[in-house]
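Undergrad: I have a structure I would like to understand better, so I am pasting it below and will then ask my questions one at a time.
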2 protein chains.
Amino acid sequence: MGEAIKELLKKNHMSVTDSRLQILDMFYHAPGALAHADIEKRASDKIDRVTIYRTLQTFEEKGIIHTIPTADNSVKYALCKDQCAEGHHHDNHVHFVCDNCGKTICLDDVLVPEVKLPKGFQPQQSNMVVNGFCNDCRS
Amino acid sequence: MGEAIKELLKKNHMSVTDSRLQILDMFYHAPGALAHADIEKRASDKIDRVTIYRTLQTFEEKGIIHTIPTADNSVKYALCKDQCAEGHHHDNHVHFVCDNCGKTICLDDVLVPEVKLPKGFQPQQSNMVVNGFCNDCRS
DNA sequence: TACATATTTGCAATTATGTTGCAAATTTTA
DNA sequence: TAAAATTTGCAACATAATTGCAAATATGTA
């Protein structure tokens, strides 16, 4: 298991455990975002459901992963880029969801555009998800 | 119960039933989007949970309501504007969710801006949700 | 209007998803 | 290496959503 992953846990003041290494490793090798169920399925030595929930929650709190607000309201997680600090996310990129294969991808270089709101609305954070076909699935 | 609502059901080839009239009426009088639980609570003569699920699903299929992809992955529904046809939605407006009161509102006049995607991605539909404070809740 | 047909509803049962408390196991600290 | 702190897995619970089916309601037609 990668030494870099171990370091990332230590840097964030988390104990280094098998579950955490395994889950974090999955994120680093996954082609896109992962749902709770994906992780449960892919875990080689079985990890308890509850542990997965708690690990994901901890990772999110630490700014290692972020949730993606998909159009079908399923919960997916993806790695944050380095600018995410503990307790405060700065994920302002667009997400892409393939309608065919379901793959969910962070478009780190595509920023969510600003929009002008009607009077009275005070914006704090914007999310944008684009559905369509990914490179592998387009006709 | 409004005659117009009855007509809407007929126009969409749906049987006119109490549950459907009542739920549709709620949408027409609600200040914003409604979740399943909201409907269950507000129903004067109790509607079965299952009936609510099925009614919402039918309405969505018929293009009468659409789901809103909120950042916290809770499921909310709101009325579609007339351009939504059966089986095909055209909801390309921005949604606003108040972080304080939770009210979820369709900003029908604010269109989701286009974004330029990296090579290989074929967009079909975009969703945008802005979180912040609504008129009633801002400081 | 009345009846046959089609649709919808409500109930019970089942499945999926997420949370909590706690003892045992593991990791960290010293 | 041993004590302290953290994490894990289990069991129990809570909530959300789906399915099959019989009873109730709505629709079309004579």
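Residue names in the structure tokens use chain letters A, B, ... in the order shown, residue numbers from 1 in each chain, and ligand numbers from 1 in the order shown.
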Can you write out as a Markdown table which residues of chain A fall within 12 Å of chain C, alongside each residue's closest atom pair and its distance in Å to one decimal, counting only C-alpha atoms (C1' of nucleotides) and ordering rows by chain and ascending residue number?

TA:
| residue | atom | partner | partner_atom | distance |
| --- | --- | --- | --- | --- |
| A:Lys10 | CA | C:DT28 | C1' | 11.3 |
| A:His13 | CA | C:DT28 | C1' | 11.0 |
| A:Met14 | CA | C:DT27 | C1' | 10.1 |
| A:Ser15 | CA | C:DT27 | C1' | 6.5 |
| A:Val16 | CA | C:DT27 | C1' | 7.3 |
| A:Thr17 | CA | C:DT27 | C1' | 7.6 |
| A:Asp18 | CA | C:DT26 | C1' | 9.8 |
| A:Ser19 | CA | C:DT26 | C1' | 11.5 |
| A:His36 | CA | C:DT17 | C1' | 9.9 |
| A:Ala37 | CA | C:DT17 | C1' | 10.2 |
| A:Arg49 | CA | C:DG18 | C1' | 9.9 |
| A:Val50 | CA | C:DG18 | C1' | 8.9 |
| A:Thr51 | CA | C:DT19 | C1' | 11.9 |
| A:Ile52 | CA | C:DG18 | C1' | 11.3 |
| A:Tyr53 | CA | C:DG18 | C1' | 8.3 |
| A:Arg54 | CA | C:DT19 | C1' | 10.2 |
| A:Gln57 | CA | C:DG18 | C1' | 12.0 |
| A:Ser74 | CA | C:DT17 | C1' | 10.8 |
| A:Val75 | CA | C:DT17 | C1' | 10.8 |

Undergrad: Keeping only C-alpha atoms, take the residues you just selected and write them out as a tab-separated table (two decimals), in the first residue's frame.

TA:
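Saved as part.tsv:
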chain	number	residue	atom	x	y	z
A	10	LYS	CA	-0.65	11.28	9.11
A	13	HIS	CA	-3.83	13.69	12.09
A	14	MET	CA	-5.61	10.42	11.52
A	15	SER	CA	-4.59	7.01	12.73
A	16	VAL	CA	-3.28	4.80	9.98
A	17	THR	CA	-5.59	1.79	9.72
A	18	ASP	CA	-6.18	-0.88	7.14
A	19	SER	CA	-9.67	0.32	6.26
A	36	HIS	CA	-20.73	3.83	-0.52
A	37	ALA	CA	-21.87	0.71	-2.34
A	49	ARG	CA	-20.69	-1.02	6.39
A	50	VAL	CA	-20.55	1.18	9.42
A	51	THR	CA	-16.81	1.62	9.15
A	52	ILE	CA	-17.22	2.76	5.56
A	53	TYR	CA	-19.81	5.34	6.56
A	54	ARG	CA	-17.58	6.62	9.33
A	57	GLN	CA	-17.49	11.08	7.00
A	74	SER	CA	-27.41	9.52	-5.02
A	75	VAL	CA	-24.40	10.20	-2.83

Undergrad: Kindly provide, as a PyMOL selection string, the residues of chain A having any atom no farther than 10 Å from an atom of chain B, counting only C-alpha atoms.

TA: chain A and resi 67-76+94-99+107+109-139

Undergrad: To test your reading of the structure, identify every residue in stretch 17-97 of chain B that backbone DSSP assigns to alpha helix (DSSP H), and report it as a count of residues only.

TA: 32

Undergrad: Per residue of chain D within 10 Å of chain A, record the nearest atom pair and its distance in Å to one decimal, counting only C-alpha atoms (C1' of nucleotides), with rows in chain order and ascending residue number, as a Markdown table.

TA:
| residue | atom | partner | partner_atom | distance |
| --- | --- | --- | --- | --- |
| D:DT6 | C1' | A:Ser15 | CA | 7.4 |
| D:DT7 | C1' | A:Thr17 | CA | 8.0 |
| D:DT8 | C1' | A:Thr51 | CA | 6.8 |
| D:DG9 | C1' | A:Asp48 | CA | 6.4 |
| D:DC10 | C1' | A:Asp48 | CA | 9.3 |

Undergrad: Take the selection from the previous step and output its residues with C-alpha atoms (C1' of nucleotides), as a short mmCIF file (atom, residue, chain, number, x, y, z; two decimals), in the first residue's frame.

TA:
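New file again02.cif:
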data_model
loop_
_atom_site.label_atom_id
_atom_site.label_comp_id
_atom_site.auth_asym_id
_atom_site.auth_seq_id
_atom_site.Cartn_x
_atom_site.Cartn_y
_atom_site.Cartn_z
"C1'" DT D 6 -8.73 5.83 18.71
"C1'" DT D 7 -11.01 2.83 15.58
"C1'" DT D 8 -13.54 -1.22 14.35
"C1'" DG D 9 -17.36 -4.56 14.06
"C1'" DC D 10 -21.54 -6.11 15.83
#

Undergrad: If you run DSSP over the backbone, which residues in chain A end up strand (DSSP E or B)? Put them as a PDB file with N, CA and C atoms, in the first residue's frame.

TA:
ATOM      1  N   LEU A  34     -16.822   7.652  -6.192  1.00  0.00           N
ATOM      2  CA  LEU A  34     -17.265   6.379  -5.631  1.00  0.00           C
ATOM      3  C   LEU A  34     -18.446   6.582  -4.694  1.00  0.00           C
ATOM      4  N   ALA A  35     -19.392   5.650  -4.779  1.00  0.00           N
ATOM      5  CA  ALA A  35     -20.505   5.639  -3.840  1.00  0.00           C
ATOM      6  C   ALA A  35     -20.177   4.651  -2.723  1.00  0.00           C
ATOM      7  N   ILE A  65     -11.921  14.206   0.858  1.00  0.00           N
ATOM      8  CA  ILE A  65     -12.896  13.938  -0.200  1.00  0.00           C
ATOM      9  C   ILE A  65     -14.060  14.925  -0.072  1.00  0.00           C
ATOM     10  N   HIS A  66     -14.857  15.015  -1.134  1.00  0.00           N
ATOM     11  CA  HIS A  66     -16.060  15.857  -1.095  1.00  0.00           C
ATOM     12  C   HIS A  66     -17.213  15.096  -1.710  1.00  0.00           C
ATOM     13  N   THR A  67     -18.425  15.465  -1.331  1.00  0.00           N
ATOM     14  CA  THR A  67     -19.591  14.810  -1.915  1.00  0.00           C
ATOM     15  C   THR A  67     -19.967  15.521  -3.208  1.00  0.00           C
ATOM     16  N   ILE A  68     -20.616  14.778  -4.078  1.00  0.00           N
ATOM     17  CA  ILE A  68     -21.030  15.322  -5.363  1.00  0.00           C
ATOM     18  C   ILE A  68     -22.555  15.295  -5.436  1.00  0.00           C
ATOM     19  N   PRO A  69     -23.168  16.451  -5.689  1.00  0.00           N
ATOM     20  CA  PRO A  69     -24.629  16.526  -5.737  1.00  0.00           C
ATOM     21  C   PRO A  69     -25.146  16.081  -7.091  1.00  0.00           C
ATOM     22  N   VAL A  75     -25.555   9.577  -3.470  1.00  0.00           N
ATOM     23  CA  VAL A  75     -24.403  10.196  -2.830  1.00  0.00           C
ATOM     24  C   VAL A  75     -23.103   9.606  -3.369  1.00  0.00           C
ATOM     25  N   LYS A  76     -22.269  10.460  -3.924  1.00  0.00           N
ATOM     26  CA  LYS A  76     -20.970  10.013  -4.411  1.00  0.00           C
ATOM     27  C   LYS A  76     -19.877  10.891  -3.836  1.00  0.00           C
ATOM     28  N   TYR A  77     -18.692  10.303  -3.737  1.00  0.00           N
ATOM     29  CA  TYR A  77     -17.556  11.013  -3.162  1.00  0.00           C
ATOM     30  C   TYR A  77     -16.383  10.999  -4.134  1.00  0.00           C
ATOM     31  N   ALA A  78     -15.598  12.076  -4.097  1.00  0.00           N
ATOM     32  CA  ALA A  78     -14.392  12.127  -4.910  1.00  0.00           C
ATOM     33  C   ALA A  78     -13.298  12.868  -4.152  1.00  0.00           C
ATOM     34  N   LEU A  79     -12.057  12.608  -4.541  1.00  0.00           N
ATOM     35  CA  LEU A  79     -10.921  13.247  -3.904  1.00  0.00           C
ATOM     36  C   LEU A  79     -10.965  14.754  -4.094  1.00  0.00           C
ATOM     37  N   ALA A  85      -8.976  22.520   2.930  1.00  0.00           N
ATOM     38  CA  ALA A  85      -8.401  22.441   4.266  1.00  0.00           C
ATOM     39  C   ALA A  85      -9.371  21.728   5.196  1.00  0.00           C
ATOM     40  N   HIS A  88     -13.079  22.810   5.803  1.00  0.00           N
ATOM     41  CA  HIS A  88     -13.539  23.838   4.867  1.00  0.00           C
ATOM     42  C   HIS A  88     -13.198  23.454   3.435  1.00  0.00           C
ATOM     43  N   HIS A  93     -15.575  23.294  -8.727  1.00  0.00           N
ATOM     44  CA  HIS A  93     -15.479  22.825 -10.109  1.00  0.00           C
ATOM     45  C   HIS A  93     -16.764  22.119 -10.529  1.00  0.00           C
ATOM     46  N   VAL A  94     -16.926  21.982 -11.828  1.00  0.00           N
ATOM     47  CA  VAL A  94     -18.096  21.319 -12.388  1.00  0.00           C
ATOM     48  C   VAL A  94     -17.894  19.803 -12.335  1.00  0.00           C
ATOM     49  N   HIS A  95     -18.988  19.077 -12.108  1.00  0.00           N
ATOM     50  CA  HIS A  95     -18.939  17.618 -12.136  1.00  0.00           C
ATOM     51  C   HIS A  95     -19.666  17.093 -13.355  1.00  0.00           C
ATOM     52  N   PHE A  96     -19.162  15.994 -13.862  1.00  0.00           N
ATOM     53  CA  PHE A  96     -19.775  15.376 -15.047  1.00  0.00           C
ATOM     54  C   PHE A  96     -20.233  13.969 -14.703  1.00  0.00           C
ATOM     55  N   VAL A  97     -21.471  13.643 -15.087  1.00  0.00           N
ATOM     56  CA  VAL A  97     -22.005  12.306 -14.853  1.00  0.00           C
ATOM     57  C   VAL A  97     -22.408  11.701 -16.189  1.00  0.00           C
ATOM     58  N   CYS A  98     -21.859  10.533 -16.492  1.00  0.00           N
ATOM     59  CA  CYS A  98     -22.194   9.879 -17.759  1.00  0.00           C
ATOM     60  C   CYS A  98     -23.547   9.171 -17.631  1.00  0.00           C
ATOM     61  N   THR A 104     -18.748   9.190 -12.733  1.00  0.00           N
ATOM     62  CA  THR A 104     -18.864  10.560 -12.243  1.00  0.00           C
ATOM     63  C   THR A 104     -17.478  11.145 -12.071  1.00  0.00           C
ATOM     64  N   ILE A 105     -17.253  12.267 -12.701  1.00  0.00           N
ATOM     65  CA  ILE A 105     -15.899  12.793 -12.816  1.00  0.00           C
ATOM     66  C   ILE A 105     -15.829  14.246 -12.398  1.00  0.00           C
ATOM     67  N   CYS A 106     -14.784  14.593 -11.660  1.00  0.00           N
ATOM     68  CA  CYS A 106     -14.533  15.994 -11.328  1.00  0.00           C
ATOM     69  C   CYS A 106     -13.812  16.664 -12.488  1.00  0.00           C
ATOM     70  N   LEU A 107     -14.400  17.703 -13.016  1.00  0.00           N
ATOM     71  CA  LEU A 107     -13.711  18.488 -14.044  1.00  0.00           C
ATOM     72  C   LEU A 107     -12.989  19.621 -13.328  1.00  0.00           C
ATOM     73  N   ASP A 108     -11.823  19.278 -12.810  1.00  0.00           N
ATOM     74  CA  ASP A 108     -11.142  20.211 -11.912  1.00  0.00           C
ATOM     75  C   ASP A 108     -10.830  21.549 -12.566  1.00  0.00           C
ATOM     76  N   ASP A 109     -10.704  21.544 -13.872  1.00  0.00           N
ATOM     77  CA  ASP A 109     -10.327  22.777 -14.550  1.00  0.00           C
ATOM     78  C   ASP A 109     -11.518  23.607 -15.011  1.00  0.00           C
ATOM     79  N   VAL A 110     -12.713  23.054 -14.853  1.00  0.00           N
ATOM     80  CA  VAL A 110     -13.902  23.806 -15.268  1.00  0.00           C
ATOM     81  C   VAL A 110     -14.573  24.373 -14.030  1.00  0.00           C
ATOM     82  N   LEU A 111     -14.482  25.677 -13.872  1.00  0.00           N
ATOM     83  CA  LEU A 111     -15.059  26.294 -12.685  1.00  0.00           C
ATOM     84  C   LEU A 111     -16.536  26.575 -12.864  1.00  0.00           C
ATOM     85  N   GLN A 122     -28.971  35.850  -1.422  1.00  0.00           N
ATOM     86  CA  GLN A 122     -27.578  36.049  -1.056  1.00  0.00           C
ATOM     87  C   GLN A 122     -26.820  34.732  -1.253  1.00  0.00           C
ATOM     88  N   PRO A 123     -26.085  34.586  -2.323  1.00  0.00           N
ATOM     89  CA  PRO A 123     -25.432  33.303  -2.625  1.00  0.00           C
ATOM     90  C   PRO A 123     -24.228  33.047  -1.730  1.00  0.00           C
ATOM     91  N   GLN A 124     -24.032  31.777  -1.408  1.00  0.00           N
ATOM     92  CA  GLN A 124     -22.858  31.377  -0.630  1.00  0.00           C
ATOM     93  C   GLN A 124     -22.003  30.370  -1.400  1.00  0.00           C
ATOM     94  N   GLN A 125     -22.693  29.395  -2.007  1.00  0.00           N
ATOM     95  CA  GLN A 125     -21.944  28.370  -2.729  1.00  0.00           C
ATOM     96  C   GLN A 125     -22.749  27.838  -3.893  1.00  0.00           C
ATOM     97  N   SER A 126     -22.079  27.553  -4.984  1.00  0.00           N
ATOM     98  CA  SER A 126     -22.781  27.061  -6.172  1.00  0.00           C
ATOM     99  C   SER A 126     -22.292  25.670  -6.552  1.00  0.00           C
ATOM    100  N   ASN A 127     -23.209  24.869  -7.043  1.00  0.00           N
ATOM    101  CA  ASN A 127     -22.848  23.544  -7.543  1.00  0.00           C
ATOM    102  C   ASN A 127     -23.394  23.359  -8.943  1.00  0.00           C
ATOM    103  N   MET A 128     -22.602  22.694  -9.757  1.00  0.00           N
ATOM    104  CA  MET A 128     -23.069  22.452 -11.119  1.00  0.00           C
ATOM    105  C   MET A 128     -22.705  21.038 -11.531  1.00  0.00           C
ATOM    106  N   VAL A 129     -23.689  20.336 -12.068  1.00  0.00           N
ATOM    107  CA  VAL A 129     -23.480  18.980 -12.564  1.00  0.00           C
ATOM    108  C   VAL A 129     -23.949  18.907 -14.001  1.00  0.00           C
ATOM    109  N   VAL A 130     -23.099  18.415 -14.845  1.00  0.00           N
ATOM    110  CA  VAL A 130     -23.469  18.243 -16.246  1.00  0.00           C
ATOM    111  C   VAL A 130     -23.638  16.754 -16.519  1.00  0.00           C
ATOM    112  N   ASN A 131     -24.801  16.396 -17.065  1.00  0.00           N
ATOM    113  CA  ASN A 131     -25.019  15.017 -17.488  1.00  0.00           C
ATOM    114  C   ASN A 131     -24.795  14.897 -18.991  1.00  0.00           C
ATOM    115  N   GLY A 132     -24.416  13.716 -19.419  1.00  0.00           N
ATOM    116  CA  GLY A 132     -24.193  13.510 -20.845  1.00  0.00           C
ATOM    117  C   GLY A 132     -23.454  12.210 -21.090  1.00  0.00           C
ATOM    118  N   PHE A 133     -22.592  12.187 -22.095  1.00  0.00           N
ATOM    119  CA  PHE A 133     -21.847  10.959 -22.388  1.00  0.00           C
ATOM    120  C   PHE A 133     -20.350  11.214 -22.309  1.00  0.00           C
TER     121      PHE A 133
END

Undergrad: I'd like the interatomic distance between atom C1' of D:DT27 and atom CA of B:Ala4, to a tenth of an Å.

TA: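 Value for the atom C1' of D:DT27-atom CA of B:Ala4 distance: 19.3 Å.
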